[in-house]
Amino acid sequence: MSVRSQREAAVATAITQIRALASAPTFDRPTLDEILALVRGLAMQTQFWGADQFADPKDDERQARYLISEDPDQSFALYLNIMKRGKRTPIHNHTTWACIAAVQGIEHNYVYQRLDDGSRPDYAEVEPNGVVVVAPGSAGIALMPEDIHAVEIEQSDMIRHLHMYGRSLETLTERIAYDLPNRTYKKMHIGVSTRR
């Protein structure tokens with residue numbers, strides 16, 4: 001069986017289990033941690049995610065994102081994110097749950113909490129609330145829809161991480177990017193185009 005066939009079978013099995021967990025009557029952080037464990041299991045199979053299967057970003061690019069799997073209704077979307085040192089995302093939420101696990105390299109997730117009640121348009125107060133380092137062998141990070149974070153690649157020249165979302169990134173039109181010093185926010189653009 002080819003590496004691609006093995007990967008597709010492993011991904012299909014994991015997503016079937018993830019789908020069952022996510023459809024439970026109560027969706028909470030312990031459930032999300034179980035989903036993260038399944039994503040970590042996929043990430044640990046490093047032979048599935050190498051440059052021979054998914055090319056690195058080109059010289060002038062900082063990121064390449066590959067869609068690995070998604071359901072026909074664009075739910076349960078799994079991506080491989082490849083990012084170079086110096087890549088940083090805005091402070092943002094997702095509006096769906098998300099799990100990130102490392103295949104290769106170290107990613108710093110800066111976690112924030114919102115302080116205001118959201119009643120003032122275009123206004124938001126957020127403050128730092130910790131750092132989660134996502135690296136091979138680490139627990140990874142699980143985010144509920146309202147959780148806020150920013151990602152930075154500080155140490156590794158190149159990282160390869162799996163990102164699993166409740167809905168595909170292309171459907172997340174209400175994501176918010178926060179401007180910490182100005183206490184403002186705006187809708188967040190998807191960023192790089194997803195490779196399919």
# chains A, B, ... in the order shown; residues from 1 in each chain; ligands from 1
call {"tool": "select_by_dssp", "arguments": {"residues": "segment 3-104 of chain A", "states": "alpha helix (DSSP H)", "output": "MDAnalysis selection string"}}
result
chainID A and resid 3:22 29:43
call {"tool": "write_last_selection", "arguments": {"atoms": "N, CA and C atoms", "output": "JSON list (two decimals), in the first residue's frame"}}
result
[["chain", "number", "residue", "atom", "x", "y", "z"],
["A", 3, "VAL", "N", 2.16, 5.23, 0.52],
["A", 3, "VAL", "CA", 2.08, 6.16, 1.66],
["A", 3, "VAL", "C", 0.78, 6.96, 1.57],
["A", 4, "ARG", "N", 0.44, 7.39, 0.37],
["A", 4, "ARG", "CA", -0.80, 8.17, 0.22],
["A", 4, "ARG", "C", -2.02, 7.35, 0.63],
["A", 5, "SER", "N", -2.08, 6.09, 0.22],
["A", 5, "SER", "CA", -3.22, 5.24, 0.59],
["A", 5, "SER", "C", -3.26, 5.01, 2.09],
["A", 6, "GLN", "N", -2.10, 4.80, 2.70],
["A", 6, "GLN", "CA", -2.04, 4.63, 4.14],
["A", 6, "GLN", "C", -2.50, 5.89, 4.86],
["A", 7, "ARG", "N", -2.06, 7.05, 4.37],
["A", 7, "ARG", "CA", -2.46, 8.33, 4.96],
["A", 7, "ARG", "C", -3.97, 8.51, 4.85],
["A", 8, "GLU", "N", -4.51, 8.28, 3.68],
["A", 8, "GLU", "CA", -5.95, 8.47, 3.48],
["A", 8, "GLU", "C", -6.76, 7.55, 4.40],
["A", 9, "ALA", "N", -6.30, 6.32, 4.58],
["A", 9, "ALA", "CA", -7.01, 5.39, 5.46],
["A", 9, "ALA", "C", -6.92, 5.85, 6.91],
["A", 10, "ALA", "N", -5.73, 6.28, 7.34],
["A", 10, "ALA", "CA", -5.56, 6.75, 8.73],
["A", 10, "ALA", "C", -6.40, 7.99, 8.99],
["A", 11, "VAL", "N", -6.42, 8.92, 8.03],
["A", 11, "VAL", "CA", -7.21, 10.15, 8.18],
["A", 11, "VAL", "C", -8.70, 9.81, 8.25],
["A", 12, "ALA", "N", -9.16, 8.93, 7.38],
["A", 12, "ALA", "CA", -10.58, 8.56, 7.37],
["A", 12, "ALA", "C", -10.99, 7.93, 8.70],
["A", 13, "THR", "N", -10.15, 7.08, 9.24],
["A", 13, "THR", "CA", -10.45, 6.44, 10.53],
["A", 13, "THR", "C", -10.52, 7.48, 11.64],
["A", 14, "ALA", "N", -9.54, 8.38, 11.68],
["A", 14, "ALA", "CA", -9.51, 9.40, 12.73],
["A", 14, "ALA", "C", -10.72, 10.33, 12.63],
["A", 15, "ILE", "N", -11.06, 10.73, 11.42],
["A", 15, "ILE", "CA", -12.17, 11.68, 11.27],
["A", 15, "ILE", "C", -13.51, 11.02, 11.59],
["A", 16, "THR", "N", -13.65, 9.75, 11.32],
["A", 16, "THR", "CA", -14.86, 9.03, 11.74],
["A", 16, "THR", "C", -15.00, 9.09, 13.26],
["A", 17, "GLN", "N", -13.89, 8.89, 13.97],
["A", 17, "GLN", "CA", -13.92, 8.97, 15.43],
["A", 17, "GLN", "C", -14.16, 10.39, 15.91],
["A", 18, "ILE", "N", -13.55, 11.37, 15.24],
["A", 18, "ILE", "CA", -13.75, 12.77, 15.60],
["A", 18, "ILE", "C", -15.20, 13.18, 15.40],
["A", 19, "ARG", "N", -15.77, 12.76, 14.29],
["A", 19, "ARG", "CA", -17.17, 13.08, 14.00],
["A", 19, "ARG", "C", -18.09, 12.54, 15.10],
["A", 20, "ALA", "N", -17.82, 11.32, 15.55],
["A", 20, "ALA", "CA", -18.64, 10.72, 16.61],
["A", 20, "ALA", "C", -18.50, 11.51, 17.92],
["A", 21, "LEU", "N", -17.28, 11.90, 18.26],
["A", 21, "LEU", "CA", -17.08, 12.69, 19.48],
["A", 21, "LEU", "C", -17.79, 14.04, 19.40],
["A", 22, "ALA", "N", -17.67, 14.70, 18.25],
["A", 22, "ALA", "CA", -18.23, 16.05, 18.10],
["A", 22, "ALA", "C", -19.75, 16.05, 18.06],
["A", 29, "ARG", "N", -14.72, 20.99, 26.70],
["A", 29, "ARG", "CA", -13.26, 20.91, 26.60],
["A", 29, "ARG", "C", -12.72, 19.48, 26.73],
["A", 30, "PRO", "N", -13.25, 18.65, 27.62],
["A", 30, "PRO", "CA", -12.78, 17.26, 27.65],
["A", 30, "PRO", "C", -13.01, 16.53, 26.32],
["A", 31, "THR", "N", -14.14, 16.80, 25.68],
["A", 31, "THR", "CA", -14.39, 16.20, 24.36],
["A", 31, "THR", "C", -13.37, 16.71, 23.36],
["A", 32, "LEU", "N", -13.10, 18.01, 23.41],
["A", 32, "LEU", "CA", -12.14, 18.60, 22.48],
["A", 32, "LEU", "C", -10.74, 18.02, 22.72],
["A", 33, "ASP", "N", -10.40, 17.73, 23.97],
["A", 33, "ASP", "CA", -9.11, 17.10, 24.26],
["A", 33, "ASP", "C", -9.02, 15.70, 23.65],
["A", 34, "GLU", "N", -10.13, 14.99, 23.62],
["A", 34, "GLU", "CA", -10.15, 13.67, 22.97],
["A", 34, "GLU", "C", -9.93, 13.81, 21.46],
["A", 35, "ILE", "N", -10.51, 14.84, 20.88],
["A", 35, "ILE", "CA", -10.30, 15.10, 19.45],
["A", 35, "ILE", "C", -8.84, 15.43, 19.20],
["A", 36, "LEU", "N", -8.27, 16.28, 20.06],
["A", 36, "LEU", "CA", -6.86, 16.63, 19.91],
["A", 36, "LEU", "C", -5.97, 15.39, 19.97],
["A", 37, "ALA", "N", -6.28, 14.45, 20.83],
["A", 37, "ALA", "CA", -5.48, 13.22, 20.92],
["A", 37, "ALA", "C", -5.50, 12.46, 19.59],
["A", 38, "LEU", "N", -6.62, 12.45, 18.91],
["A", 38, "LEU", "CA", -6.71, 11.79, 17.61],
["A", 38, "LEU", "C", -5.88, 12.53, 16.56],
["A", 39, "VAL", "N", -5.91, 13.86, 16.61],
["A", 39, "VAL", "CA", -5.10, 14.66, 15.68],
["A", 39, "VAL", "C", -3.61, 14.43, 15.97],
["A", 40, "ARG", "N", -3.25, 14.35, 17.23],
["A", 40, "ARG", "CA", -1.86, 14.06, 17.60],
["A", 40, "ARG", "C", -1.43, 12.70, 17.07],
["A", 41, "GLY", "N", -2.33, 11.74, 17.13],
["A", 41, "GLY", "CA", -2.02, 10.41, 16.60],
["A", 41, "GLY", "C", -1.69, 10.46, 15.12],
["A", 42, "LEU", "N", -2.42, 11.27, 14.37],
["A", 42, "LEU", "CA", -2.11, 11.45, 12.94],
["A", 42, "LEU", "C", -0.77, 12.15, 12.76],
["A", 43, "ALA", "N", -0.52, 13.18, 13.57],
["A", 43, "ALA", "CA", 0.72, 13.95, 13.44],
["A", 43, "ALA", "C", 1.95, 13.10, 13.74]]
call {"tool": "residues_around", "arguments": {"residues": "Gly137 of chain A", "least_positions_apart": "3", "cutoff": "10 Å", "atoms": "only C-alpha atoms", "output": "PDB file with N, CA and C atoms, in the first residue's frame"}}
result
ATOM      1  N   ARG A  40      -3.250  14.355  17.234  1.00  0.00           N
ATOM      2  CA  ARG A  40      -1.860  14.062  17.603  1.00  0.00           C
ATOM      3  C   ARG A  40      -1.433  12.704  17.066  1.00  0.00           C
ATOM      4  N   ALA A  43      -0.516  13.178  13.573  1.00  0.00           N
ATOM      5  CA  ALA A  43       0.720  13.950  13.442  1.00  0.00           C
ATOM      6  C   ALA A  43       1.946  13.097  13.735  1.00  0.00           C
ATOM      7  N   MET A  44       1.804  12.136  14.616  1.00  0.00           N
ATOM      8  CA  MET A  44       2.935  11.283  14.981  1.00  0.00           C
ATOM      9  C   MET A  44       3.358  10.361  13.834  1.00  0.00           C
ATOM     10  N   ALA A 101      -1.732  20.043  16.260  1.00  0.00           N
ATOM     11  CA  ALA A 101      -0.724  19.093  16.734  1.00  0.00           C
ATOM     12  C   ALA A 101       0.478  19.146  15.807  1.00  0.00           C
ATOM     13  N   ALA A 102       1.652  18.960  16.374  1.00  0.00           N
ATOM     14  CA  ALA A 102       2.904  19.116  15.634  1.00  0.00           C
ATOM     15  C   ALA A 102       3.351  17.825  14.972  1.00  0.00           C
ATOM     16  N   VAL A 103       3.744  17.949  13.723  1.00  0.00           N
ATOM     17  CA  VAL A 103       4.462  16.896  13.015  1.00  0.00           C
ATOM     18  C   VAL A 103       5.959  17.169  13.165  1.00  0.00           C
ATOM     19  N   GLN A 104       6.344  18.401  12.883  1.00  0.00           N
ATOM     20  CA  GLN A 104       7.753  18.823  12.893  1.00  0.00           C
ATOM     21  C   GLN A 104       7.820  20.285  13.281  1.00  0.00           C
ATOM     22  N   VAL A 134       3.572  24.282  20.948  1.00  0.00           N
ATOM     23  CA  VAL A 134       3.166  23.079  20.228  1.00  0.00           C
ATOM     24  C   VAL A 134       4.394  22.550  19.498  1.00  0.00           C
ATOM     25  N   GLY A 140      -0.102  19.593  22.235  1.00  0.00           N
ATOM     26  CA  GLY A 140      -0.800  20.384  21.227  1.00  0.00           C
ATOM     27  C   GLY A 140      -1.688  21.407  21.901  1.00  0.00           C
TER      28      GLY A 140
END
call {"tool": "select_by_dssp", "arguments": {"residues": "chain A", "states": "strand (DSSP E or B)", "output": "PyMOL selection string"}}
result
chain A and resi 63-69+75-84+88+91-92+98-104+107-114+123+126-134+141-143+148-152+158-167+176-179+184-187+194-195
call {"tool": "closest_atom_pairs", "arguments": {"of": "segment 49-88 of chain A", "to": "segment 170-180 of chain A", "cutoff": "10 Å", "atoms": "only C-alpha atoms", "output": "JSON lines"}}
result
{"residue": "A:Gln74", "atom": "CA", "partner": "A:Thr171", "partner_atom": "CA", "distance": 7.6}
{"residue": "A:Ser75", "atom": "CA", "partner": "A:Thr171", "partner_atom": "CA", "distance": 9.1}
{"residue": "A:Ala77", "atom": "CA", "partner": "A:Glu170", "partner_atom": "CA", "distance": 9.9}
call {"tool": "residues_around", "arguments": {"residues": "Val192 of chain A", "least_positions_apart": "2", "cutoff": "10 Å", "atoms": "only C-alpha atoms", "output": "JSON list (two decimals) with C-alpha atoms, in the first residue's frame"}}
result
[["chain", "number", "residue", "atom", "x", "y", "z"],
["A", 61, "GLU", "CA", 6.38, 32.56, 0.77],
["A", 62, "ARG", "CA", 6.15, 32.15, 4.55],
["A", 63, "GLN", "CA", 3.33, 29.60, 4.56],
["A", 64, "ALA", "CA", 1.75, 26.79, 2.57],
["A", 65, "ARG", "CA", -1.57, 25.29, 3.68],
["A", 189, "HIS", "CA", -9.07, 37.43, 6.05],
["A", 190, "ILE", "CA", -8.28, 33.76, 5.45],
["A", 194, "THR", "CA", -5.41, 26.64, 0.49],
["A", 195, "ARG", "CA", -3.76, 24.09, -1.79]]
call {"tool": "residues_around", "arguments": {"residues": "segment 78-90 of chain A", "least_positions_apart": "4", "cutoff": "7 Å", "atoms": "only C-alpha atoms", "output": "ChimeraX atom specification"}}
result
/A:56,62-70,150-165,177
call {"tool": "residues_around", "arguments": {"residues": "Pro121 of chain A", "least_positions_apart": "3", "cutoff": "9 Å", "atoms": "only C-alpha atoms", "output": "MDAnalysis selection string"}}
result
chainID A and resid 118 124 184:185
call {"tool": "write_last_selection", "arguments": {"atoms": "C-alpha atoms", "output": "PDB file, in the first residue's frame"}}
result
ATOM      1  CA  GLY A 118     -18.636  42.783  23.202  1.00  0.00           C
ATOM      2  CA  ALA A 124     -12.443  44.936  22.143  1.00  0.00           C
ATOM      3  CA  THR A 184     -10.244  47.438  18.071  1.00  0.00           C
ATOM      4  CA  TYR A 185     -11.117  44.442  15.929  1.00  0.00           C
TER       5      TYR A 185
END
call {"tool": "closest_residue", "arguments": {"among": "A:Ile100, A:Leu169, A:Tyr112, A:Pro57", "to": "Ala139 of chain A", "atoms": "only C-alpha atoms"}}
result
A:Ile100
call {"tool": "atom_distance", "arguments": {"atom1": "atom CA of Leu143 of chain A", "atom2": "atom CA of Trp97 of chain A"}}
result
5.6 Å
call {"tool": "atom_distance", "arguments": {"atom1": "atom CA of Pro136 of chain A", "atom2": "atom CA of Thr46 of chain A"}}
result
9.9 Å
call {"tool": "residues_around", "arguments": {"residues": "Asp147 of chain A", "least_positions_apart": "5", "cutoff": "10 Å", "atoms": "only C-alpha atoms", "output": "PyMOL selection string"}}
result
chain A and resi 92-98+111-114+142
call {"tool": "decode", "arguments": {"residues": "segment 51-79 of chain A", "atoms": "N, CA and C atoms", "output": "mmCIF file, in the first residue's frame"}}
result
data_model
loop_
_atom_site.group_PDB
_atom_site.id
_atom_site.type_symbol
_atom_site.label_atom_id
_atom_site.label_comp_id
_atom_site.auth_asym_id
_atom_site.auth_seq_id
_atom_site.Cartn_x
_atom_site.Cartn_y
_atom_site.Cartn_z
ATOM 1 N N ALA A 51 8.005 16.571 2.918
ATOM 2 C CA ALA A 51 8.108 17.435 1.734
ATOM 3 C C ALA A 51 7.952 16.645 0.442
ATOM 4 N N ASP A 52 8.200 15.332 0.481
ATOM 5 C CA ASP A 52 7.990 14.511 -0.712
ATOM 6 C C ASP A 52 6.510 14.367 -1.033
ATOM 7 N N GLN A 53 5.654 14.591 -0.031
ATOM 8 C CA GLN A 53 4.206 14.518 -0.223
ATOM 9 C C GLN A 53 3.576 15.915 -0.355
ATOM 10 N N PHE A 54 4.105 16.866 0.426
ATOM 11 C CA PHE A 54 3.554 18.228 0.469
ATOM 12 C C PHE A 54 4.716 19.212 0.437
ATOM 13 N N ALA A 55 4.836 19.939 -0.661
ATOM 14 C CA ALA A 55 6.004 20.805 -0.884
ATOM 15 C C ALA A 55 6.056 21.962 0.113
ATOM 16 N N ASP A 56 7.282 22.342 0.447
ATOM 17 C CA ASP A 56 7.515 23.510 1.300
ATOM 18 C C ASP A 56 7.036 24.779 0.595
ATOM 19 N N PRO A 57 6.805 25.854 1.353
ATOM 20 C CA PRO A 57 6.533 27.150 0.718
ATOM 21 C C PRO A 57 7.719 27.549 -0.160
ATOM 22 N N LYS A 58 7.426 28.269 -1.231
ATOM 23 C CA LYS A 58 8.494 28.744 -2.111
ATOM 24 C C LYS A 58 9.315 29.813 -1.396
ATOM 25 N N ASP A 59 10.430 30.208 -2.018
ATOM 26 C CA ASP A 59 11.388 31.118 -1.375
ATOM 27 C C ASP A 59 10.745 32.388 -0.830
ATOM 28 N N ASP A 60 9.804 32.975 -1.583
ATOM 29 C CA ASP A 60 9.210 34.248 -1.175
ATOM 30 C C ASP A 60 7.936 34.074 -0.345
ATOM 31 N N GLU A 61 7.585 32.839 -0.009
ATOM 32 C CA GLU A 61 6.384 32.563 0.775
ATOM 33 C C GLU A 61 6.778 32.198 2.204
ATOM 34 N N ARG A 62 5.917 32.537 3.154
ATOM 35 C CA ARG A 62 6.153 32.152 4.547
ATOM 36 C C ARG A 62 5.286 30.977 4.971
ATOM 37 N N GLN A 63 4.272 30.641 4.142
ATOM 38 C CA GLN A 63 3.329 29.604 4.558
ATOM 39 C C GLN A 63 2.761 28.887 3.343
ATOM 40 N N ALA A 64 2.532 27.586 3.517
ATOM 41 C CA ALA A 64 1.750 26.793 2.570
ATOM 42 C C ALA A 64 0.737 25.998 3.392
ATOM 43 N N ARG A 65 -0.509 26.012 2.965
ATOM 44 C CA ARG A 65 -1.566 25.290 3.675
ATOM 45 C C ARG A 65 -2.219 24.317 2.707
ATOM 46 N N TYR A 66 -2.296 23.050 3.118
ATOM 47 C CA TYR A 66 -2.885 21.999 2.288
ATOM 48 C C TYR A 66 -4.154 21.473 2.950
ATOM 49 N N LEU A 67 -5.228 21.363 2.175
ATOM 50 C CA LEU A 67 -6.437 20.701 2.661
ATOM 51 C C LEU A 67 -6.232 19.201 2.530
ATOM 52 N N ILE A 68 -6.307 18.498 3.637
ATOM 53 C CA ILE A 68 -6.118 17.050 3.659
ATOM 54 C C ILE A 68 -7.462 16.342 3.509
ATOM 55 N N SER A 69 -8.473 16.854 4.210
ATOM 56 C CA SER A 69 -9.792 16.211 4.172
ATOM 57 C C SER A 69 -10.840 17.197 4.660
ATOM 58 N N GLU A 70 -12.035 17.105 4.102
ATOM 59 C CA GLU A 70 -13.193 17.820 4.647
ATOM 60 C C GLU A 70 -14.443 17.081 4.224
ATOM 61 N N ASP A 71 -15.484 17.166 5.034
ATOM 62 C CA ASP A 71 -16.757 16.554 4.688
ATOM 63 C C ASP A 71 -17.416 17.339 3.554
ATOM 64 N N PRO A 72 -18.350 16.728 2.837
ATOM 65 C CA PRO A 72 -19.010 17.426 1.715
ATOM 66 C C PRO A 72 -19.666 18.751 2.109
ATOM 67 N N ASP A 73 -20.114 18.872 3.368
ATOM 68 C CA ASP A 73 -20.743 20.127 3.805
ATOM 69 C C ASP A 73 -19.718 21.104 4.388
ATOM 70 N N GLN A 74 -18.443 20.829 4.156
ATOM 71 C CA GLN A 74 -17.320 21.663 4.598
ATOM 72 C C GLN A 74 -17.138 21.667 6.120
ATOM 73 N N SER A 75 -17.573 20.611 6.770
ATOM 74 C CA SER A 75 -17.284 20.428 8.189
ATOM 75 C C SER A 75 -16.118 19.453 8.328
ATOM 76 N N PHE A 76 -15.604 19.326 9.538
ATOM 77 C CA PHE A 76 -14.523 18.390 9.854
ATOM 78 C C PHE A 76 -13.382 18.495 8.839
ATOM 79 N N ALA A 77 -12.755 19.658 8.845
ATOM 80 C CA ALA A 77 -11.709 19.974 7.870
ATOM 81 C C ALA A 77 -10.331 19.839 8.517
ATOM 82 N N LEU A 78 -9.478 19.046 7.864
ATOM 83 C CA LEU A 78 -8.111 18.826 8.334
ATOM 84 C C LEU A 78 -7.142 19.444 7.339
ATOM 85 N N TYR A 79 -6.201 20.222 7.855
ATOM 86 C CA TYR A 79 -5.195 20.889 7.031
ATOM 87 C C TYR A 79 -3.802 20.534 7.534
#
